[in-house]
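**Student:** Below is the file my_file-v8.txt, with compact mmCIF, C-alpha atoms.
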# COMPACT_ATOMS: atom_id res chain seq x y z
CA MET D 1 -91.74 28.64 18.09
CA ASN D 2 -90.26 25.23 18.82
CA GLU D 3 -91.22 21.62 18.21
CA ALA D 4 -93.27 21.29 21.40
CA ASP D 5 -95.35 24.42 20.66
CA LEU D 6 -95.94 23.45 17.04
CA HIS D 7 -96.80 19.92 18.04
CA ALA D 8 -99.34 21.14 20.60
CA LEU D 9 -100.92 23.45 18.01
CA MET D 10 -101.23 20.65 15.47
CA VAL D 11 -102.83 18.30 17.98
CA ARG D 12 -105.36 20.99 18.93
CA ALA D 13 -105.98 21.76 15.26
CA LEU D 14 -106.74 18.15 14.42
CA GLY D 15 -109.23 18.15 17.26
CA GLY D 16 -111.11 20.90 15.42
CA ASP D 17 -109.55 24.10 16.86
CA GLU D 18 -109.57 26.45 13.87
CA ARG D 19 -107.59 29.22 15.55
CA ALA D 20 -104.85 26.81 16.55
CA TYR D 21 -104.79 25.51 13.00
CA GLN D 22 -104.47 29.00 11.55
CA THR D 23 -101.57 29.81 13.89
CA PHE D 24 -99.98 26.48 13.07
CA LEU D 25 -100.17 27.11 9.31
CA GLU D 26 -98.82 30.64 9.72
CA GLN D 27 -95.90 29.29 11.72
CA VAL D 28 -95.28 26.61 9.10
CA ALA D 29 -95.31 29.22 6.32
CA GLY D 30 -92.87 31.33 8.34
CA HIS D 31 -90.50 28.40 8.75
CA LEU D 32 -90.72 27.28 5.14
CA ARG D 33 -90.28 30.66 3.44
CA PRO D 34 -86.55 31.00 4.29
CA TYR D 35 -86.09 27.24 3.79
CA PHE D 36 -87.23 27.49 0.15
CA ARG D 37 -85.64 30.88 -0.53
CA ARG D 38 -82.25 29.55 0.44
CA ARG D 39 -82.65 26.62 -1.93
CA LEU D 40 -84.21 28.19 -5.03
CA PHE D 41 -82.63 30.37 -7.70
CA GLU D 42 -85.92 31.54 -9.19
CA GLY D 43 -86.58 34.14 -6.52
CA PRO D 44 -89.14 34.77 -3.78
CA ASP D 45 -92.26 34.25 -5.98
CA GLN D 46 -91.27 30.69 -6.72
CA ALA D 47 -90.50 30.12 -3.04
CA GLU D 48 -93.94 31.45 -2.12
CA ASP D 49 -95.57 29.07 -4.62
CA LEU D 50 -93.80 26.17 -2.94
CA VAL D 51 -94.79 27.40 0.52
CA GLN D 52 -98.42 27.34 -0.64
CA GLU D 53 -98.00 23.92 -2.21
CA VAL D 54 -96.67 22.54 1.06
CA LEU D 55 -99.48 24.17 3.04
CA ILE D 56 -102.02 22.48 0.78
CA ALA D 57 -100.14 19.17 1.05
CA VAL D 58 -100.02 19.49 4.84
CA HIS D 59 -103.75 20.15 4.82
CA THR D 60 -104.84 17.34 2.50
CA LYS D 61 -102.52 14.81 4.16
CA ARG D 62 -102.98 15.97 7.74
CA ASP D 63 -104.31 12.56 8.69
CA THR D 64 -100.87 11.06 8.09
CA PHE D 65 -99.47 13.08 10.99
CA ASP D 66 -98.71 10.78 13.90
CA ALA D 67 -99.06 12.57 17.23
CA SER D 68 -96.51 10.23 18.85
CA LEU D 69 -93.77 11.57 16.52
CA PRO D 70 -92.18 15.04 16.03
CA VAL D 71 -94.25 17.34 13.85
CA THR D 72 -91.14 19.01 12.41
CA ALA D 73 -89.86 15.71 10.99
CA TRP D 74 -93.22 15.25 9.32
CA LEU D 75 -93.26 18.81 7.97
CA TYR D 76 -89.73 18.82 6.62
CA ALA D 77 -90.22 15.44 4.94
CA ILE D 78 -93.14 17.00 3.03
CA ALA D 79 -91.18 20.19 2.30
CA ARG D 80 -88.18 18.24 1.02
CA PHE D 81 -90.46 16.09 -1.13
CA LYS D 82 -92.07 19.17 -2.71
CA LEU D 83 -88.67 20.76 -3.27
CA VAL D 84 -87.28 17.67 -5.02
CA ASP D 85 -90.48 17.41 -7.04
CA HIS D 86 -90.07 21.05 -8.06
CA PHE D 87 -86.46 20.51 -9.18
CA ARG D 88 -87.54 17.51 -11.22
CA ARG D 89 -90.33 19.48 -12.87
CA VAL D 90 -88.03 22.38 -13.68
CA LYS D 91 -85.48 20.03 -15.19
CA ARG D 92 -88.11 18.47 -17.42
CA ARG D 93 -89.58 21.78 -18.47
CA GLY D 94 -86.09 23.14 -19.07
CA THR D 95 -85.38 20.61 -21.78
CA GLN D 96 -88.59 21.45 -23.59
CA LEU D 97 -88.24 25.25 -23.62
CA PRO D 98 -84.76 26.48 -24.56
CA ILE D 99 -84.27 29.72 -22.65
CA ASP D 100 -82.58 31.40 -25.66
CA ASP D 101 -85.99 31.76 -27.35
CA PHE D 102 -87.01 34.25 -24.69
CA ASP D 103 -83.80 36.24 -24.72
CA ASP D 104 -85.25 39.49 -26.09
CA LEU D 105 -88.28 39.20 -23.84
CA PHE D 106 -86.21 39.67 -20.74
CA SER D 107 -83.25 41.73 -21.85
CA THR D 108 -84.81 45.18 -21.37
CA SER D 109 -86.11 44.57 -17.89
CA ASP D 110 -82.79 42.97 -16.98
CA VAL D 111 -80.98 46.14 -17.95
CA GLU D 112 -83.39 48.22 -15.90
CA ALA D 113 -83.05 45.95 -12.91
CA GLY D 114 -79.28 46.12 -13.31
CA THR D 115 -79.35 49.93 -13.32
CA ALA D 116 -81.56 50.07 -10.26
CA ARG D 117 -79.26 47.60 -8.55
CA ARG D 118 -76.20 49.73 -9.33
CA ASP D 119 -77.91 52.90 -8.05
CA LEU D 120 -78.86 51.11 -4.85
CA ASP D 121 -75.32 49.80 -4.43
CA ARG D 122 -73.92 53.32 -4.82
CA LEU D 123 -76.30 54.66 -2.17
CA LEU D 124 -75.61 51.79 0.21
CA ASP D 125 -71.86 52.29 -0.13
CA GLN D 126 -72.26 55.72 1.49
CA LEU D 127 -73.65 54.17 4.69
CA PRO D 128 -71.54 53.00 7.63
CA PRO D 129 -70.51 49.35 7.05
CA LYS D 130 -72.72 47.90 9.78
CA GLN D 131 -75.89 49.60 8.50
CA ARG D 132 -75.05 48.71 4.92
CA ASP D 133 -74.49 45.03 5.72
CA VAL D 134 -77.69 44.48 7.74
CA ILE D 135 -79.82 46.21 5.10
CA ARG D 136 -78.25 44.05 2.40
CA MET D 137 -78.91 40.91 4.42
CA VAL D 138 -82.43 41.62 5.63
CA LYS D 139 -83.97 43.82 2.95
CA ILE D 140 -82.27 42.53 -0.19
CA ASP D 141 -81.23 38.93 0.54
CA ASP D 142 -84.36 38.26 2.60
CA LEU D 143 -82.62 36.86 5.66
CA SER D 144 -84.48 37.01 8.94
CA VAL D 145 -83.33 39.42 11.64
CA ARG D 146 -82.00 36.51 13.64
CA GLU D 147 -80.03 35.09 10.72
CA ALA D 148 -78.55 38.51 10.02
CA ALA D 149 -77.59 38.85 13.68
CA GLU D 150 -75.86 35.47 13.62
CA ARG D 151 -74.02 36.21 10.42
CA GLY D 152 -72.92 39.67 11.54
CA GLY D 153 -72.02 38.53 15.03
CA ILE D 154 -74.26 41.20 16.63
CA SER D 155 -77.47 41.14 18.67
CA GLU D 156 -80.94 41.08 17.11
CA SER D 157 -81.90 44.45 18.53
CA ASP D 158 -78.66 45.86 17.15
CA VAL D 159 -79.73 44.58 13.73
CA LYS D 160 -83.14 46.23 14.01
CA VAL D 161 -81.69 49.54 15.16
CA SER D 162 -79.08 49.50 12.41
CA ILE D 163 -81.70 48.83 9.75
CA HIS D 164 -83.84 51.64 11.08
CA ARG D 165 -80.96 54.14 11.14
CA GLY D 166 -79.67 52.95 7.79
CA ILE D 167 -83.03 53.42 6.09
CA LYS D 168 -83.36 56.92 7.54
CA ALA D 169 -79.88 57.73 6.27
CA LEU D 170 -80.77 56.31 2.85
CA SER D 171 -83.88 58.44 2.55
CA ARG D 172 -81.79 61.51 3.48
CA LEU D 173 -79.29 60.61 0.76
CA ILE D 174 -82.05 60.12 -1.82
CA ASN D 175 -83.67 63.44 -0.95
CA LYS D 176 -80.32 65.16 -1.20
CA ALA D 177 -79.69 63.54 -4.61
CA GLY D 178 -83.13 64.62 -5.81
CA ALA D 179 -82.79 68.19 -4.59
CA MET Z 1 -103.77 33.74 -4.18
CA GLN Z 2 -102.03 35.26 -1.20
CA THR Z 3 -100.58 32.88 1.35
CA ASP Z 4 -102.52 34.49 4.19
CA ASP Z 5 -105.81 34.02 2.32
CA LEU Z 6 -104.90 30.42 1.65
CA ILE Z 7 -104.17 29.86 5.33
CA ARG Z 8 -107.48 31.39 6.34
CA THR Z 9 -109.35 29.21 3.87
CA LEU Z 10 -107.60 26.04 4.98
CA SER Z 11 -108.00 26.78 8.68
CA HIS Z 12 -111.80 26.66 8.44
CA ASP Z 13 -111.46 22.95 7.91
CA ALA Z 14 -109.14 21.95 10.72
CA ARG Z 15 -110.56 18.71 12.04
CA ARG Z 16 -108.93 15.40 11.18
CA LYS Z 17 -110.69 13.49 8.41
CA HIS Z 18 -110.57 10.12 10.19
CA THR Z 19 -109.36 8.04 7.32
CA PRO Z 20 -109.12 4.35 8.27
CA ALA Z 21 -105.89 3.11 9.86
CA PRO Z 22 -103.17 2.42 7.23
CA VAL Z 23 -102.44 -1.03 8.71
CA ARG Z 24 -105.99 -2.13 8.10
CA THR Z 25 -106.24 -0.72 4.61
CA LEU Z 26 -102.83 -2.14 3.64
CA LEU Z 27 -103.88 -5.64 4.74
CA ILE Z 28 -107.14 -5.31 2.81
CA PHE Z 29 -105.37 -4.07 -0.34
CA ALA Z 30 -102.64 -6.73 -0.06
CA GLY Z 31 -105.29 -9.41 0.46
CA ALA Z 32 -107.14 -8.19 -2.62
CA ALA Z 33 -103.88 -8.22 -4.60
CA LEU Z 34 -103.17 -11.80 -3.53
CA ALA Z 35 -106.70 -12.87 -4.44
CA ILE Z 36 -106.29 -11.36 -7.91
CA CYS Z 37 -102.96 -13.19 -8.40
CA VAL Z 38 -104.39 -16.54 -7.28
CA GLY Z 39 -107.53 -16.08 -9.38
CA VAL Z 40 -105.64 -15.14 -12.54
CA ILE Z 41 -103.03 -17.90 -12.31
CA LEU Z 42 -105.60 -20.62 -11.57
CA LEU Z 43 -107.74 -19.46 -14.50
CA ALA Z 44 -104.75 -19.24 -16.82
CA GLU Z 45 -102.81 -22.38 -15.94
CA GLY Z 46 -104.82 -24.34 -13.34
CA ALA Z 47 -103.27 -25.86 -10.22
CA ARG Z 48 -100.59 -28.49 -10.83
CA PRO Z 49 -102.23 -31.89 -11.32
CA ASP Z 50 -100.29 -33.56 -8.46
CA PHE Z 51 -101.20 -30.72 -6.08
CA ALA Z 52 -102.17 -33.02 -3.17
CA ASP Z 53 -98.94 -35.06 -3.37
CA ALA Z 54 -96.70 -32.03 -3.75
CA ILE Z 55 -98.32 -30.00 -0.99
CA ALA Z 56 -95.04 -29.83 0.98
CA PHE Z 57 -93.13 -28.35 -1.96
CA VAL Z 58 -95.96 -25.97 -2.78
CA GLY Z 59 -95.92 -24.85 0.84
CA MET Z 60 -92.12 -24.37 0.74
CA LYS Z 61 -92.27 -22.21 -2.40
CA ALA Z 62 -95.25 -20.22 -1.22
CA GLY Z 63 -93.58 -19.82 2.19
CA VAL Z 64 -90.34 -18.40 0.75
CA SER Z 65 -92.41 -16.01 -1.37
CA ALA Z 66 -94.55 -15.05 1.62
CA LEU Z 67 -91.41 -14.05 3.53
CA PHE Z 68 -90.72 -11.41 0.86
CA ALA Z 69 -94.27 -10.12 1.15
CA LEU Z 70 -94.22 -10.12 4.95
CA GLY Z 71 -90.87 -8.34 5.03
CA ALA Z 72 -92.24 -5.59 2.76
CA LEU Z 73 -95.35 -4.86 4.82
CA PRO Z 74 -93.78 -2.89 7.72
CA LEU Z 75 -91.54 -1.00 5.29
CA ALA Z 76 -94.58 -0.01 3.21
CA LEU Z 77 -96.28 1.26 6.36
CA ALA Z 78 -93.20 3.26 7.42
CA LEU Z 79 -92.87 4.86 3.97
CA ALA Z 80 -96.56 5.71 3.81
CA LYS Z 81 -96.17 8.62 6.24
CA PRO Z 82 -93.74 11.54 5.90
CA GLY Z 83 -90.78 11.76 8.26
CA ARG Z 84 -90.81 8.19 9.54
CA ARG Z 85 -87.61 6.24 10.03
CA ALA Z 86 -87.56 3.35 7.61
CA GLY Z 87 -83.93 2.16 7.72
CA VAL Z 88 -84.43 -0.90 9.89
CA TRP Z 89 -87.50 -2.00 7.97
CA ALA Z 90 -85.70 -1.50 4.67
CA VAL Z 91 -82.85 -3.74 5.80
CA LEU Z 92 -85.37 -6.35 6.93
CA ALA Z 93 -87.36 -6.21 3.68
CA PHE Z 94 -84.50 -6.18 1.20
CA GLY Z 95 -82.35 -8.40 3.43
CA MET Z 96 -84.58 -11.24 2.25
CA PHE Z 97 -82.61 -11.23 -1.00
CA VAL Z 98 -79.45 -12.01 0.98
CA VAL Z 99 -81.20 -14.82 2.84
CA VAL Z 100 -82.39 -16.30 -0.44
CA ALA Z 101 -78.93 -15.97 -2.01
CA VAL Z 102 -77.43 -17.91 0.91
CA MET Z 103 -80.18 -20.51 0.54
CA ALA Z 104 -79.41 -20.84 -3.15
CA ALA Z 105 -75.68 -21.24 -2.60
CA THR Z 106 -76.23 -23.86 0.11
CA ALA Z 107 -78.74 -25.81 -1.95
CA VAL Z 108 -76.50 -25.81 -5.01
CA GLY Z 109 -73.50 -26.78 -2.90
CA MET Z 110 -75.34 -29.70 -1.32
CA ALA Z 111 -76.66 -31.08 -4.60
CA ALA Z 112 -74.73 -33.94 -6.15
CA PRO Z 113 -72.39 -32.55 -8.86
CA ASP Z 114 -74.21 -34.18 -11.74
CA ALA Z 115 -77.63 -33.04 -10.44
CA ARG Z 116 -76.61 -29.41 -9.99
CA MET Z 117 -77.62 -28.24 -13.44
CA GLN Z 118 -81.03 -29.86 -13.04
CA ALA Z 119 -81.47 -28.31 -9.57
CA VAL Z 120 -80.65 -24.82 -10.82
CA THR Z 121 -82.57 -24.74 -14.09
CA GLY Z 122 -85.41 -27.07 -13.15
CA GLY Z 123 -84.90 -28.70 -16.55
CA GLY Z 124 -85.58 -25.86 -18.96
CA PHE Z 125 -86.08 -22.13 -19.11
CA PRO Z 126 -87.26 -20.72 -15.77
CA HIS Z 127 -90.79 -19.96 -16.82
CA ASN Z 128 -91.51 -18.10 -13.56
CA LEU Z 129 -89.06 -15.32 -14.47
CA ILE Z 130 -91.69 -14.10 -16.91
CA VAL Z 131 -94.93 -15.20 -15.25
CA ILE Z 132 -94.27 -13.80 -11.75
CA PRO Z 133 -93.56 -10.21 -12.92
CA ILE Z 134 -96.53 -10.21 -15.30
CA LEU Z 135 -98.81 -11.56 -12.58
CA ALA Z 136 -97.43 -8.90 -10.25
CA VAL Z 137 -98.63 -6.05 -12.47
CA PRO Z 138 -102.29 -6.03 -11.31
CA ALA Z 139 -101.14 -6.63 -7.73
CA GLY Z 140 -98.73 -3.72 -8.04
CA ILE Z 141 -101.48 -1.46 -9.36
CA VAL Z 142 -103.63 -2.29 -6.33
CA LEU Z 143 -100.73 -1.56 -3.95
CA PHE Z 144 -99.86 1.68 -5.76
CA ALA Z 145 -103.49 2.70 -5.30
CA TRP Z 146 -103.04 2.13 -1.58
CA LEU Z 147 -99.81 4.17 -1.50
CA ARG Z 148 -101.50 7.01 -3.34
CA ARG Z 149 -104.05 7.28 -0.53
CA GLN Z 150 -101.11 7.76 1.87
CA ALA Z 151 -98.34 10.36 1.67
CA PRO Z 152 -95.08 8.71 0.55
CA THR Z 153 -92.20 11.19 0.22
CA ARG Z 154 -89.49 8.80 -0.98
CA LEU Z 155 -91.09 7.74 -4.21
CA MET Z 156 -88.50 5.34 -5.61
CA LEU Z 157 -88.14 3.46 -2.35
CA ALA Z 158 -91.91 3.37 -1.84
CA GLY Z 159 -92.36 2.13 -5.41
CA ALA Z 160 -89.69 -0.55 -4.91
CA THR Z 161 -91.40 -1.68 -1.73
CA ALA Z 162 -94.79 -1.94 -3.42
CA GLY Z 163 -93.09 -3.88 -6.21
CA LEU Z 164 -91.42 -6.18 -3.70
CA LEU Z 165 -94.73 -6.83 -1.99
CA ALA Z 166 -96.53 -7.38 -5.30
CA GLY Z 167 -93.75 -9.74 -6.43
CA GLY Z 168 -93.96 -11.72 -3.19
CA LEU Z 169 -97.73 -12.08 -3.49
CA SER Z 170 -97.49 -12.97 -7.16
CA ALA Z 171 -94.84 -15.62 -6.41
CA MET Z 172 -97.06 -17.09 -3.68
CA ALA Z 173 -99.81 -17.56 -6.26
CA TYR Z 174 -97.40 -18.91 -8.84
CA ALA Z 175 -96.25 -21.56 -6.36
CA LEU Z 176 -99.66 -23.21 -6.80
CA VAL Z 177 -98.89 -24.07 -10.42
CA CYS Z 178 -95.09 -24.20 -10.48
CA PRO Z 179 -93.97 -27.75 -11.42
CA VAL Z 180 -90.32 -27.53 -10.31
CA ASP Z 181 -89.60 -28.80 -6.79
CA SER Z 182 -86.04 -27.70 -6.07
CA LEU Z 183 -84.93 -25.34 -3.34
CA ALA Z 184 -82.06 -24.01 -5.46
CA PHE Z 185 -84.46 -23.25 -8.29
CA VAL Z 186 -86.86 -21.40 -6.01
CA ALA Z 187 -84.14 -19.43 -4.27
CA ILE Z 188 -82.50 -18.30 -7.52
CA TRP Z 189 -85.40 -17.72 -9.89
CA TYR Z 190 -88.12 -16.67 -7.48
CA GLY Z 191 -85.65 -14.27 -5.89
CA LEU Z 192 -84.69 -12.87 -9.27
CA ALA Z 193 -88.32 -12.56 -10.42
CA ILE Z 194 -89.25 -10.67 -7.25
CA ALA Z 195 -86.20 -8.43 -7.64
CA ILE Z 196 -87.42 -7.54 -11.14
CA CYS Z 197 -90.79 -6.57 -9.65
CA ALA Z 198 -89.08 -4.34 -7.07
CA GLY Z 199 -86.98 -2.69 -9.79
CA VAL Z 200 -89.99 -1.98 -11.99
CA GLY Z 201 -91.81 -0.62 -8.93
CA ALA Z 202 -88.94 1.75 -8.16
CA ILE Z 203 -89.00 3.19 -11.68
CA ALA Z 204 -92.80 3.42 -11.82
CA GLY Z 205 -92.94 4.96 -8.34
CA ARG Z 206 -91.06 8.06 -9.44
CA TRP Z 207 -93.97 9.26 -11.56
CA ALA Z 208 -96.95 7.17 -10.50
CA LEU Z 209 -96.73 8.04 -6.80
CA ARG Z 210 -96.37 11.85 -7.13
CA TRP Z 211 -98.90 13.89 -5.20
Please re-express this file's structure in structure tokens.

**Tutor:**
Amino acid sequence: MNEADLHALMVRALGGDERAYQTFLEQVAGHLRPYFRRRLFEGPDQAEDLVQEVLIAVHTKRDTFDASLPVTAWLYAIARFKLVDHFRRVKRRGTQLPIDDFDDLFSTSDVEAGTARRDLDRLLDQLPPKQRDVIRMVKIDDLSVREAAERGGISESDVKVSIHRGIKALSRLINKAGA
Amino acid sequence: MQTDDLIRTLSHDARRKHTPAPVRTLLIFAGAALAICVGVILLAEGARPDFADAIAFVGMKAGVSALFALGALPLALALAKPGRRAGVWAVLAFGMFVVVAVMAATAVGMAAPDARMQAVTGGGFPHNLIVIPILAVPAGIVLFAWLRRQAPTRLMLAGATAGLLAGGLSAMAYALVCPVDSLAFVAIWYGLAIAICAGVGAIAGRWALRW
């Protein structure tokens, strides 16, 4: 969905069209999720928190949207503001809670996650390179199909088909390992 | 809460809230801030006794100060909404410091050599360097309250702009009591006092304008 579509939705929403507003917010969430995931180290949960924070900010400050200007500029200014605010908060909190105190709290689950990761890597290595790469990008690194297609230099439908085939192959490998 | 649930909840309340136009509210808040400054300074120090005779100088000092305030208004409006271009307005607003610096240099250069010291210091410690920033505090609080009703996303710049505006208004009020009638004095010390206000505003904006 492009600027013109989003802009039209927002204008209709502000006129009281609830369905347009819901679609608008869903689109915004869809745009922001990869935006925050690319910029945060804390993982998808933290990104989702920020998506929700921006949605609430968009809602409470919707009167500051100026219909004569691009809606994406307005949205990304808010998103950037919330991201910078988040970094500032994390920095402050970081100085108050030394992470070493929580070392033993996390170590066990880290080991487990590491083992699972290694098992997954071993399975993925048995797939053809194209299937392996798109699954890594889309299912593990949370890229969109389009981003994966751009990065791999292949078409979007090719990405989808490769994921589908790759996952089938993976489940065959897992069944074989279990048997 | 799931994001989809949140979206559904929010979407039930789509319609615009019809808050009053920012231009109008800014003028009202700035007017209130100026009234506070004038009221406080007149109560604290009283107008200068030769007010009627010195009306031209009072007007000159208040006018220079008003230029700072006027320059800050469009920038404050641009920063009040996310995603607006503010570059031109920022140059206009903070460019006033350059104008005043040129004014100061010219005025000092034109003064007779033995009168220069007097023209620059006004014959003593520049009292206004303390009074203008202090007087700007309540004005700044009023303007921060206005900004908090908006949605500024560049907090330091927005804070500096509110400080600049508060400083300009405060200096306008101070002109009513200021006894020194020298252009060099006004350009140097009023400019510096207002710059202090902008600096304090920038620092305060970082935490006071979060939303």

**Student:** Tell me which protein, DNA and RNA residues are within 9 Å of D:Val11, counting all atoms listed in the file, leaving out same-chain ones fewer than 5 positions away, and put them as a list of chain:residue names.

**Tutor:**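 The filter keeps D:Leu6, D:Asp17, D:Ala20, D:Tyr21, D:Ala67.
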
**Student:** Would you give me, as number ranges by chain, the residues of chain Z that come within 12 Å of chain D, using all atoms listed in the file?

**Tutor:** Z: 1-22, 77-85, 147-156, 206-207, 209-211

**Student:** Need the shell around D:Leu83: protein/DNA/RNA residues with any atom at most 9 Å away, counting only C-alpha atoms. Skip same-chain ones fewer than 3 positions apart. Format as an MDAnalysis selection string?

**Tutor:** chainID D and resid 36 39:40 50 78:80 86:88

**Student:** As an exercise, work out the distance from atom CA of Z:Ile132 to atom CA of Z:Gly167 in Å and give it to one decimal place.

**Tutor:**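 About the pair atom CA of Z:Ile132 and atom CA of Z:Gly167: they are 6.7 Å apart.
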
**Student:** Compute the distance from (-80.2, -25.2, -12.5) to each atom, counting all atoms listed in the file, keep the residues with any atom at most 10 Å away, and return them as a list in words; use the coordinates of the file.

**Tutor:**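 Output of the proximity query reads Val108, Ala115, Arg116, Met117, Gln118, Ala119, Val120, Thr121, Gly122, Gly123, Gly124, Phe125, Pro126, Ser182, Ala184, Phe185, Ile188 and Trp189 of chain Z.
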
**Student:** So how many Å separate atom CA of D:Gln126 and atom CA of D:Arg151, to one decimal?

**Tutor:**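 Separation of atom CA of D:Gln126 and atom CA of D:Arg151: 21.5 Å.
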
**Student:** Taking all atoms listed in the file into account, name the residue in D:Asn2, D:Ser162, D:Asn175, D:Gln27 that is nearest to D:Arg136.

**Tutor:**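 Using all atoms listed in the file, the shortest distance to D:Arg136 belongs to D:Ser162.
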
**Student:** Could you work out how far atom CA of Z:Val137 lies from atom CA of Z:Leu34, giving the answer in Å with one decimal?

**Tutor:** 11.6 Å
